[in-house]
Amino acid sequence: ASMDIVTMENKRVIQQLVHNLIAQGKKSFAFAGDLSSANVSAGFQERFDALCKALSEHEIAIDRQRSLIDESNQQFMNFSYLISRFENMKKLPDVYICGNDWTAIQMMHAIQYCGYSIPTDVSILGFDNITESASTVPALSTVNTPKELLGYAAANCVLDHIANPQRPNVLIQYATQLIQRDSLDCVKK
């Protein structure tokens, strides 16, 4: 069955950010987020794809060895699991792009526990701009998604579809924006 789709733009901000970070000398990029479970959001996959595309334009491959893409939500919640992952790395990538803020925050805690400094040793980007992202230490750089507008648009689509059942389906995509905080090293605003 066809339906209305209300979503946010997942790729543009990540691609621009990666180009800026490469221009500033960052060389190794990894992704953190569950890409393999049945409940994976299309957003995570789009963010991963955006990272890979931006890197390929610079002939850089994503650092698969240090990416956390086969981990489940349970593993991201498991502090000792994350610590063991980081303790087994000879060094961290320059940048972690995370599927969402929650994943980024879990990563930050484990990385710092292992004695690394953010953003000195590794820069971290989240996605969604959840309330907690502003109060981490350092504050998490993230991508703002207009959550309230997404909700209003979805509700309006339902109401409009009830009132006009024959109308064509709509695709609404809201723009996102980088929220520059301290977990990213020296990016231009």
# chains A, B, ... in the order shown; residues from 1 in each chain; ligands from 1

call {"tool": "residues_around", "arguments": {"residues": "Ala104 of chain A", "least_positions_apart": "5", "cutoff": "10 Å", "atoms": "only C-alpha atoms", "output": "MDAnalysis selection string"}}
result
chainID A and resid 32:33 76 96:99 109 124:127 133 140:142 183

call {"tool": "select_by_dssp", "arguments": {"residues": "segment 49-141 of chain A", "states": "alpha helix (DSSP H)", "output": "PyMOL selection string"}}
result
chain A and resi 49-56+73-77+79-87+101-113

call {"tool": "closest_residue", "arguments": {"among": "A:Ala153, A:Leu21, A:Asn78, A:Asn73", "to": "Leu55 of chain A", "atoms": "only C-alpha atoms"}}
result
A:Leu21

call {"tool": "select_by_dssp", "arguments": {"residues": "segment 55-165 of chain A", "states": "strand (DSSP E)", "output": "PDB file with N, CA, C and O atoms, in the first residue's frame"}}
result
ATOM      1  N   VAL A  95      37.793  10.390  13.359  1.00  0.00           N
ATOM      2  CA  VAL A  95      36.398  10.827  13.485  1.00  0.00           C
ATOM      3  C   VAL A  95      35.473   9.617  13.568  1.00  0.00           C
ATOM      4  O   VAL A  95      35.625   8.665  12.792  1.00  0.00           O
ATOM      5  N   TYR A  96      34.516   9.683  14.487  1.00  0.00           N
ATOM      6  CA  TYR A  96      33.381   8.751  14.494  1.00  0.00           C
ATOM      7  C   TYR A  96      32.126   9.524  14.116  1.00  0.00           C
ATOM      8  O   TYR A  96      31.788  10.517  14.762  1.00  0.00           O
ATOM      9  N   ILE A  97      31.464   9.072  13.064  1.00  0.00           N
ATOM     10  CA  ILE A  97      30.129   9.564  12.726  1.00  0.00           C
ATOM     11  C   ILE A  97      29.174   8.523  13.297  1.00  0.00           C
ATOM     12  O   ILE A  97      29.283   7.331  12.976  1.00  0.00           O
ATOM     13  N   CYS A  98      28.255   8.950  14.145  1.00  0.00           N
ATOM     14  CA  CYS A  98      27.369   7.998  14.823  1.00  0.00           C
ATOM     15  C   CYS A  98      25.950   8.089  14.268  1.00  0.00           C
ATOM     16  O   CYS A  98      25.500   9.161  13.851  1.00  0.00           O
ATOM     17  N   SER A 123      37.256  12.915  17.129  1.00  0.00           N
ATOM     18  CA  SER A 123      36.074  13.779  17.055  1.00  0.00           C
ATOM     19  C   SER A 123      34.840  12.902  16.900  1.00  0.00           C
ATOM     20  O   SER A 123      34.900  11.848  16.268  1.00  0.00           O
ATOM     21  N   ILE A 124      33.724  13.348  17.487  1.00  0.00           N
ATOM     22  CA  ILE A 124      32.504  12.544  17.450  1.00  0.00           C
ATOM     23  C   ILE A 124      31.316  13.416  17.046  1.00  0.00           C
ATOM     24  O   ILE A 124      31.152  14.529  17.552  1.00  0.00           O
ATOM     25  N   LEU A 125      30.517  12.863  16.113  1.00  0.00           N
ATOM     26  CA  LEU A 125      29.280  13.526  15.690  1.00  0.00           C
ATOM     27  C   LEU A 125      28.109  12.598  15.979  1.00  0.00           C
ATOM     28  O   LEU A 125      28.140  11.415  15.637  1.00  0.00           O
ATOM     29  N   THR A 142      26.158  17.598  16.897  1.00  0.00           N
ATOM     30  CA  THR A 142      25.081  16.760  16.406  1.00  0.00           C
ATOM     31  C   THR A 142      24.421  17.401  15.198  1.00  0.00           C
ATOM     32  O   THR A 142      24.823  18.483  14.770  1.00  0.00           O
ATOM     33  N   VAL A 143      23.451  16.719  14.661  1.00  0.00           N
ATOM     34  CA  VAL A 143      22.673  17.248  13.547  1.00  0.00           C
ATOM     35  C   VAL A 143      21.252  17.436  14.060  1.00  0.00           C
ATOM     36  O   VAL A 143      20.635  16.495  14.569  1.00  0.00           O
ATOM     37  N   ASN A 144      20.769  18.665  13.988  1.00  0.00           N
ATOM     38  CA  ASN A 144      19.430  18.960  14.487  1.00  0.00           C
ATOM     39  C   ASN A 144      18.369  18.495  13.503  1.00  0.00           C
ATOM     40  O   ASN A 144      18.454  18.764  12.312  1.00  0.00           O
TER      41      ASN A 144
END

call {"tool": "closest_residue", "arguments": {"among": "A:Ser37, A:Asn164, A:Leu171, A:Lys27", "to": "Ala61 of chain A", "atoms": "only C-alpha atoms"}}
result
A:Lys27

call {"tool": "closest_residue", "arguments": {"among": "A:Ile111, A:Gln180, A:Gln15, A:Glu46", "to": "Ala134 of chain A", "atoms": "only C-alpha atoms"}}
result
A:Gln180

call {"tool": "residues_around", "arguments": {"residues": "Tyr113 of chain A", "least_positions_apart": "4", "cutoff": "12 Å", "atoms": "only C-alpha atoms", "output": "PDB file with N, CA, C and O atoms, in the first residue's frame"}}
result
ATOM      1  N   PHE A  79      28.424  -1.348  28.454  1.00  0.00           N
ATOM      2  CA  PHE A  79      29.624  -0.538  28.648  1.00  0.00           C
ATOM      3  C   PHE A  79      30.894  -1.378  28.537  1.00  0.00           C
ATOM      4  O   PHE A  79      31.848  -0.988  27.882  1.00  0.00           O
ATOM      5  N   SER A  80      30.911  -2.585  29.167  1.00  0.00           N
ATOM      6  CA  SER A  80      32.139  -3.392  29.101  1.00  0.00           C
ATOM      7  C   SER A  80      32.423  -3.865  27.696  1.00  0.00           C
ATOM      8  O   SER A  80      33.573  -3.994  27.313  1.00  0.00           O
ATOM      9  N   LEU A  82      31.762  -2.187  24.887  1.00  0.00           N
ATOM     10  CA  LEU A  82      32.362  -1.047  24.174  1.00  0.00           C
ATOM     11  C   LEU A  82      33.803  -0.821  24.624  1.00  0.00           C
ATOM     12  O   LEU A  82      34.692  -0.602  23.805  1.00  0.00           O
ATOM     13  N   ILE A  83      34.033  -0.892  25.930  1.00  0.00           N
ATOM     14  CA  ILE A  83      35.396  -0.695  26.444  1.00  0.00           C
ATOM     15  C   ILE A  83      36.341  -1.724  25.825  1.00  0.00           C
ATOM     16  O   ILE A  83      37.436  -1.378  25.367  1.00  0.00           O
ATOM     17  N   SER A  84      35.911  -2.984  25.760  1.00  0.00           N
ATOM     18  CA  SER A  84      36.795  -4.010  25.184  1.00  0.00           C
ATOM     19  C   SER A  84      37.060  -3.732  23.706  1.00  0.00           C
ATOM     20  O   SER A  84      38.164  -3.959  23.224  1.00  0.00           O
ATOM     21  N   PHE A  86      37.318  -0.751  22.311  1.00  0.00           N
ATOM     22  CA  PHE A  86      38.295   0.341  22.219  1.00  0.00           C
ATOM     23  C   PHE A  86      39.657  -0.082  22.758  1.00  0.00           C
ATOM     24  O   PHE A  86      40.685   0.353  22.253  1.00  0.00           O
ATOM     25  N   GLU A  87      39.688  -0.931  23.780  1.00  0.00           N
ATOM     26  CA  GLU A  87      40.970  -1.395  24.309  1.00  0.00           C
ATOM     27  C   GLU A  87      41.700  -2.267  23.295  1.00  0.00           C
ATOM     28  O   GLU A  87      42.926  -2.340  23.314  1.00  0.00           O
ATOM     29  N   GLN A 106      27.004   6.919  24.258  1.00  0.00           N
ATOM     30  CA  GLN A 106      27.557   5.660  24.760  1.00  0.00           C
ATOM     31  C   GLN A 106      29.030   5.525  24.355  1.00  0.00           C
ATOM     32  O   GLN A 106      29.877   5.121  25.153  1.00  0.00           O
ATOM     33  N   MET A 107      29.314   5.852  23.098  1.00  0.00           N
ATOM     34  CA  MET A 107      30.682   5.776  22.583  1.00  0.00           C
ATOM     35  C   MET A 107      31.604   6.728  23.360  1.00  0.00           C
ATOM     36  O   MET A 107      32.711   6.355  23.746  1.00  0.00           O
ATOM     37  N   MET A 108      31.140   7.953  23.582  1.00  0.00           N
ATOM     38  CA  MET A 108      31.963   8.947  24.284  1.00  0.00           C
ATOM     39  C   MET A 108      32.348   8.452  25.678  1.00  0.00           C
ATOM     40  O   MET A 108      33.512   8.549  26.083  1.00  0.00           O
ATOM     41  N   HIS A 109      31.363   7.905  26.420  1.00  0.00           N
ATOM     42  CA  HIS A 109      31.650   7.436  27.780  1.00  0.00           C
ATOM     43  C   HIS A 109      32.718   6.339  27.760  1.00  0.00           C
ATOM     44  O   HIS A 109      33.660   6.361  28.554  1.00  0.00           O
ATOM     45  N   SER A 117      40.936  11.334  24.902  1.00  0.00           N
ATOM     46  CA  SER A 117      40.335  12.658  25.043  1.00  0.00           C
ATOM     47  C   SER A 117      39.523  12.993  23.777  1.00  0.00           C
ATOM     48  O   SER A 117      39.992  12.775  22.661  1.00  0.00           O
ATOM     49  N   ILE A 118      38.342  13.539  23.997  1.00  0.00           N
ATOM     50  CA  ILE A 118      37.484  13.982  22.896  1.00  0.00           C
ATOM     51  C   ILE A 118      37.453  15.504  22.953  1.00  0.00           C
ATOM     52  O   ILE A 118      37.185  16.050  24.022  1.00  0.00           O
TER      53      ILE A 118
END

call {"tool": "closest_residue", "arguments": {"among": "A:Thr145, A:Ser2, A:Ser41, A:Gln74", "to": "Gln177 of chain A", "atoms": "only C-alpha atoms"}}
result
A:Thr145
